[in-house]
$ cat my_file-v8.txt   # compact mmCIF, C-alpha atoms
# COMPACT_ATOMS: atom_id res chain seq x y z
CA MET A 1 -26.97 31.01 58.07
CA VAL A 2 -29.84 29.18 59.78
CA PHE A 3 -32.08 28.86 56.70
CA ARG A 4 -29.38 28.10 54.13
CA ARG A 5 -29.71 24.81 52.25
CA ARG A 6 -27.42 22.05 53.51
CA THR A 7 -26.81 20.79 49.97
CA LYS A 8 -26.51 23.43 47.29
CA ARG A 9 -28.72 22.86 44.22
CA SER A 10 -27.05 22.55 40.84
CA LEU A 11 -28.11 24.73 37.91
CA GLY A 12 -29.84 21.71 36.37
CA GLN A 13 -31.89 21.11 39.53
CA ILE A 14 -32.91 24.77 39.65
CA LEU A 15 -34.10 24.68 36.02
CA ILE A 16 -35.95 21.40 36.55
CA GLU A 17 -37.74 22.76 39.63
CA LEU A 18 -38.79 25.83 37.67
CA ILE A 19 -40.59 23.51 35.25
CA TYR A 20 -41.73 20.95 37.83
CA PRO A 21 -41.54 21.95 41.53
CA ARG A 22 -40.17 19.40 43.99
CA GLY A 23 -43.58 18.82 45.59
CA GLY A 24 -45.44 18.87 42.27
CA TRP A 25 -47.64 21.57 40.75
CA ARG A 26 -50.60 20.59 42.90
CA ARG A 27 -48.66 21.31 46.07
CA ALA A 28 -47.17 24.49 44.60
CA THR A 29 -50.64 25.73 43.59
CA SER A 30 -51.99 24.90 47.03
CA TYR A 31 -49.14 26.84 48.64
CA VAL A 32 -49.78 29.95 46.52
CA GLY A 33 -53.51 29.79 47.28
CA HIS A 34 -52.76 29.40 50.98
CA ARG A 35 -50.42 32.39 50.94
CA LEU A 36 -52.96 34.53 49.06
CA SER A 37 -55.79 33.74 51.48
CA ARG A 38 -53.63 34.54 54.54
CA LEU A 39 -52.49 37.97 53.36
CA PRO A 40 -53.27 40.66 55.95
CA ASP A 41 -55.59 42.72 53.77
CA THR A 42 -59.24 42.93 52.77
CA PRO A 43 -60.62 40.25 50.41
CA GLU A 44 -61.45 42.95 47.84
CA ARG A 45 -57.87 44.27 47.70
CA ILE A 46 -56.41 40.76 47.57
CA SER A 47 -58.75 39.79 44.72
CA ARG A 48 -57.86 42.95 42.80
CA GLY A 49 -54.20 42.01 43.26
CA ILE A 50 -54.91 38.52 41.91
CA ALA A 51 -56.62 40.03 38.86
CA SER A 52 -53.57 42.25 38.28
CA GLY A 53 -51.17 39.32 38.30
CA VAL A 54 -53.38 37.21 36.05
CA ILE A 55 -53.80 39.81 33.30
CA VAL A 56 -50.05 40.44 33.21
CA SER A 57 -49.50 36.71 32.64
CA PHE A 58 -51.12 37.15 29.20
CA THR A 59 -48.56 39.73 28.03
CA PRO A 60 -45.26 39.08 26.20
CA PHE A 61 -43.35 41.47 28.48
CA PHE A 62 -41.14 38.73 29.87
CA GLY A 63 -38.90 39.88 32.70
CA LEU A 64 -41.30 42.72 33.56
CA HIS A 65 -44.28 40.72 34.83
CA PHE A 66 -43.57 41.44 38.51
CA LEU A 67 -43.13 45.16 37.89
CA LEU A 68 -46.23 45.46 35.70
CA ALA A 69 -48.35 43.42 38.13
CA ALA A 70 -47.28 45.68 41.01
CA LEU A 71 -48.03 48.84 38.98
CA ILE A 72 -51.49 47.64 37.91
CA ALA A 73 -52.30 46.56 41.47
CA ARG A 74 -51.28 49.99 42.76
CA VAL A 75 -53.42 51.78 40.17
CA ILE A 76 -56.59 49.74 40.87
CA GLY A 77 -56.07 49.55 44.63
CA GLY A 78 -55.05 45.90 44.81
CA ASN A 79 -52.68 44.10 47.13
CA ILE A 80 -49.22 44.20 45.55
CA LEU A 81 -47.98 40.96 47.12
CA ALA A 82 -51.13 39.20 45.88
CA ALA A 83 -50.39 40.56 42.39
CA LEU A 84 -46.83 39.19 42.50
CA LEU A 85 -48.03 35.78 43.68
CA ALA A 86 -50.78 35.71 41.03
CA THR A 87 -48.25 35.98 38.20
CA PHE A 88 -47.79 32.28 39.05
CA PHE A 89 -50.92 31.86 36.88
CA GLY A 90 -48.52 31.90 33.93
CA ASN A 91 -46.77 28.61 34.74
CA PRO A 92 -45.41 25.86 32.46
CA ILE A 93 -48.83 24.18 32.42
CA THR A 94 -50.91 27.23 31.44
CA PHE A 95 -48.23 29.12 29.51
CA PRO A 96 -48.50 27.13 26.24
CA ILE A 97 -52.29 27.67 26.25
CA ILE A 98 -51.86 31.40 26.94
CA VAL A 99 -49.35 31.80 24.11
CA GLU A 100 -51.39 29.76 21.65
CA VAL A 101 -54.63 31.64 22.33
CA SER A 102 -53.01 35.08 22.39
CA VAL A 103 -50.98 34.74 19.19
CA GLN A 104 -53.79 33.10 17.23
CA PHE A 105 -56.32 35.69 18.37
CA GLY A 106 -53.88 38.54 17.67
CA ASN A 107 -53.25 37.32 14.14
CA TRP A 108 -57.00 37.10 13.61
CA ILE A 109 -57.43 40.71 14.85
CA LEU A 110 -54.69 41.92 12.49
CA GLY A 111 -56.08 39.85 9.60
CA GLN A 112 -52.82 37.97 9.20
CA GLY A 113 -52.77 34.43 7.88
CA GLY A 114 -50.32 31.68 8.63
CA ALA A 115 -51.07 30.39 12.11
CA MET A 116 -48.12 30.09 14.50
CA HIS A 117 -48.18 27.55 17.29
CA PHE A 118 -46.43 27.49 20.66
CA PRO A 119 -43.14 25.80 19.60
CA GLN A 120 -42.77 28.19 16.66
CA VAL A 121 -43.47 31.22 18.86
CA MET A 122 -40.85 30.14 21.40
CA ARG A 123 -38.27 29.57 18.68
CA ALA A 124 -39.07 33.02 17.26
CA PHE A 125 -38.45 34.61 20.67
CA GLY A 126 -35.12 32.78 20.91
CA TYR A 127 -34.01 33.93 17.47
CA ALA A 128 -35.15 37.50 18.20
CA SER A 129 -33.16 37.60 21.45
CA ALA A 130 -30.02 36.43 19.63
CA GLU A 131 -30.65 38.93 16.83
CA LEU A 132 -31.14 41.80 19.28
CA TRP A 133 -27.92 40.92 21.08
CA PHE A 134 -26.04 40.78 17.75
CA ASN A 135 -27.35 44.20 16.68
CA LEU A 136 -26.55 45.85 20.01
CA ASN A 137 -23.06 44.39 19.87
CA ALA A 138 -22.70 45.68 16.30
CA LEU A 139 -23.61 49.20 17.43
CA VAL A 140 -20.87 49.10 20.06
CA THR A 141 -18.18 47.51 17.89
CA GLY A 142 -18.95 49.56 14.80
CA GLY A 143 -20.50 46.71 12.83
CA GLU A 144 -23.57 46.91 10.63
CA PRO A 145 -26.79 45.88 12.44
CA ASN A 146 -29.64 44.27 10.55
CA TRP A 147 -33.08 45.11 11.92
CA PHE A 148 -35.16 43.41 9.20
CA ARG A 149 -35.62 40.11 11.07
CA LEU A 150 -36.51 41.93 14.30
CA ARG A 151 -39.13 44.01 12.47
CA LEU A 152 -40.53 40.80 11.02
CA PHE A 153 -40.60 39.23 14.49
CA PHE A 154 -42.36 42.27 15.94
CA PHE A 155 -45.18 42.34 13.38
CA ARG A 156 -45.62 38.57 13.01
CA VAL A 157 -45.18 37.42 16.63
CA TYR A 158 -44.78 40.13 19.26
CA LEU A 159 -47.57 42.48 18.16
CA PRO A 160 -50.14 39.69 17.66
CA TYR A 161 -49.16 38.24 21.05
CA MET A 162 -49.55 41.62 22.75
CA LEU A 163 -52.87 42.54 21.10
CA GLY A 164 -54.30 39.04 21.28
CA GLY A 165 -53.60 38.69 24.98
CA ILE A 166 -55.59 41.76 26.04
CA LEU A 167 -59.15 40.41 25.81
CA PRO A 168 -58.42 36.84 27.04
CA GLY A 169 -56.29 38.26 29.84
CA LEU A 170 -58.93 40.79 30.84
CA ALA A 171 -61.69 38.17 30.77
CA THR A 172 -59.65 35.68 32.79
CA SER A 173 -58.64 38.31 35.35
CA VAL A 174 -62.29 39.35 35.87
CA ILE A 175 -63.29 35.71 36.30
CA MET A 176 -60.47 35.14 38.79
CA TYR A 177 -61.54 38.25 40.73
CA TYR A 178 -65.12 37.06 41.14
CA VAL A 179 -64.06 33.47 41.85
CA SER A 180 -61.39 34.35 44.41
CA LEU A 181 -63.38 37.03 46.27
CA PRO A 182 -65.99 34.75 47.94
CA VAL A 183 -63.35 32.07 48.59
CA ILE A 184 -61.07 34.54 50.39
CA ARG A 185 -64.01 36.03 52.28
CA ALA A 186 -65.09 32.58 53.47
CA TYR A 187 -61.54 31.63 54.43
CA LYS A 188 -60.98 34.83 56.40
CA ALA A 189 -64.37 34.50 58.15
CA ARG A 190 -63.56 30.90 59.10
CA ARG A 191 -60.09 31.86 60.30
CA LYS A 192 -61.50 34.77 62.31
CA LYS A 193 -64.02 32.41 63.93
CA ILE A 194 -61.27 29.90 64.81
CA LEU A 195 -59.10 32.64 66.34
CA ARG A 196 -62.07 33.98 68.31
CA GLU A 197 -62.88 30.50 69.67
CA ARG A 198 -59.22 29.96 70.54
CA PHE A 199 -59.14 33.29 72.38
CA ILE A 200 -62.30 32.41 74.34
CA ARG A 201 -60.89 29.00 75.30
CA THR A 202 -57.61 30.59 76.42
CA ARG A 203 -59.45 33.30 78.36
CA ASP A 204 -61.75 30.79 80.09
CA ALA A 205 -58.83 28.52 80.94
CA GLY A 206 -56.98 31.48 82.46
CA ALA A 207 -60.05 32.46 84.47
CA ARG A 208 -60.39 28.91 85.80
CA ARG A 209 -56.73 28.80 86.79
CA ALA A 210 -57.04 32.17 88.52
CA ALA A 211 -60.12 30.98 90.40
CA ALA A 212 -58.32 27.80 91.45
CA ASP A 213 -55.34 29.82 92.69
CA GLU A 214 -57.57 32.13 94.73
CA ARG A 215 -59.61 29.35 96.37
CA PRO A 216 -56.98 28.15 98.91
CA GLY A 217 -56.40 31.76 100.01
CA ALA A 218 -60.11 32.30 100.55
CA ILE A 219 -60.32 29.13 102.67
CA ALA A 220 -57.35 30.23 104.80
CA GLN A 221 -58.99 33.62 105.50
CA GLU A 222 -62.18 31.96 106.63
CA GLU A 223 -60.21 29.83 109.13
$ encode --input "my_file-v8.txt" --output "structure tokens"
Amino acid sequence: MVFRRRTKRSLGQILIELIYPRGGWRRATSYVGHRLSRLPDTPERISRGIASGVIVSFTPFFGLHFLLAALIARVIGGNILAALLATFFGNPITFPIIVEVSVQFGNWILGQGGAMHFPQVMRAFGYASAELWFNLNALVTGGEPNWFRLRLFFFRVYLPYMLGGILPGLATSVIMYYVSLPVIRAYKARRKKILRERFIRTRDAGARRAAADERPGAIAQEE
């Protein structure tokens, strides 16, 4: 294939680039912003799509962020591709902050003590995944599943994360909507102006060439 990589990336390289892109996070962020501003849609719909992707980044529904962002964008009339790109808001730089704020705020809402920080939350998700897999396997093989630790995980980690992420996610998505809207409007207006000027230059150049081509014929007729 024409666009296939010449040297295949190893699994380690793929994982490293998920954490730190080859061109750096600044370049990756610039690329996403460039793609968002060039989407063929109105600034309002693109900004609503951005808001959809941002709010989903504050939820613990890992593996479903793309689907949820697309659904929210469809409901509120946002651009779906913009929503998918905006889930990039939850990246390895912002993710620890999102988790910390959401879980702490959720525990405060539920009146639960014992603060949990980002490393503890991530370990809890890892243990819960292993526990869920063990229980599902036990149901198939006829073993005896134990749901106590999963219930504990749900009420101590998952539920606080889910509840605590609603208000920060909503606030951040509203801010991103109002910040991105004028930026996208300005970018599209500037791009439209550049395209119009390019069209005028091309049209004028064509007219000059046509006039130059017709001039020798006019001189020959006069002779």
$ atom_distance --input "my_file-v8.txt" --atom1 "CA of Ile200 in chain A" --atom2 "CA of Tyr187 in chain A"
19.9 Å
$ residues_around --input "my_file-v8.txt" --residues "range 142-149 of chain A" --least-positions-apart "4" --cutoff "12 Å" --atoms "all atoms listed in the file" --output "PyMOL selection string"
chain A and resi 124-125+127-138+153-157
$ residues_around --input "my_file-v8.txt" --residues "range 103-120 of chain A" --least-positions-apart "3" --cutoff "7 Å" --atoms "only C-alpha atoms" --output "list in words"
Pro96, Val99, Glu100, Arg123, Ala124, Val157, Pro160, Tyr161, Leu163 and Gly164 of chain A
$ residues_around --input "my_file-v8.txt" --residues "Ile55 in chain A" --least-positions-apart "3" --cutoff "6 Å" --atoms "all atoms listed in the file" --output "PyMOL selection string"
chain A and resi 52+58+169-170+173
$ write_last_selection --input "my_file-v8.txt" --atoms "C-alpha atoms" --output "PDB file, in the coordinates of the input"
ATOM      1  CA  SER A  52     -53.570  42.250  38.280  1.00  0.00           C
ATOM      2  CA  PHE A  58     -51.120  37.150  29.200  1.00  0.00           C
ATOM      3  CA  GLY A 169     -56.290  38.260  29.840  1.00  0.00           C
ATOM      4  CA  LEU A 170     -58.930  40.790  30.840  1.00  0.00           C
ATOM      5  CA  SER A 173     -58.640  38.310  35.350  1.00  0.00           C
TER       6      SER A 173
END
$ atom_distance --input "my_file-v8.txt" --atom1 "CA of Ile175 in chain A" --atom2 "CA of Val54 in chain A"
10.0 Å
$ closest_residue --input "my_file-v8.txt" --among "A:Ala69, A:Ile46, A:Val56, A:Leu85" --to "Leu167 in chain A" --atoms "only C-alpha atoms"
A:Val56
$ atom_distance --input "my_file-v8.txt" --atom1 "CA of Ser57 in chain A" --atom2 "CA of Lys188 in chain A"
26.5 Å
$ closest_residue --input "my_file-v8.txt" --among "A:Gly90, A:Gly78, A:Gly206, A:Gly165" --to "Ala51 in chain A" --atoms "all atoms listed in the file"
A:Gly78
$ closest_residue --input "my_file-v8.txt" --among "A:Phe61, A:Tyr178, A:Phe66, A:Tyr158" --to "Arg48 in chain A" --atoms "only C-alpha atoms"
A:Tyr178
$ closest_residue --input "my_file-v8.txt" --among "A:Leu181, A:Arg45, A:Phe95, A:Gly63" --to "Val75 in chain A" --atoms "all atoms listed in the file"
A:Arg45
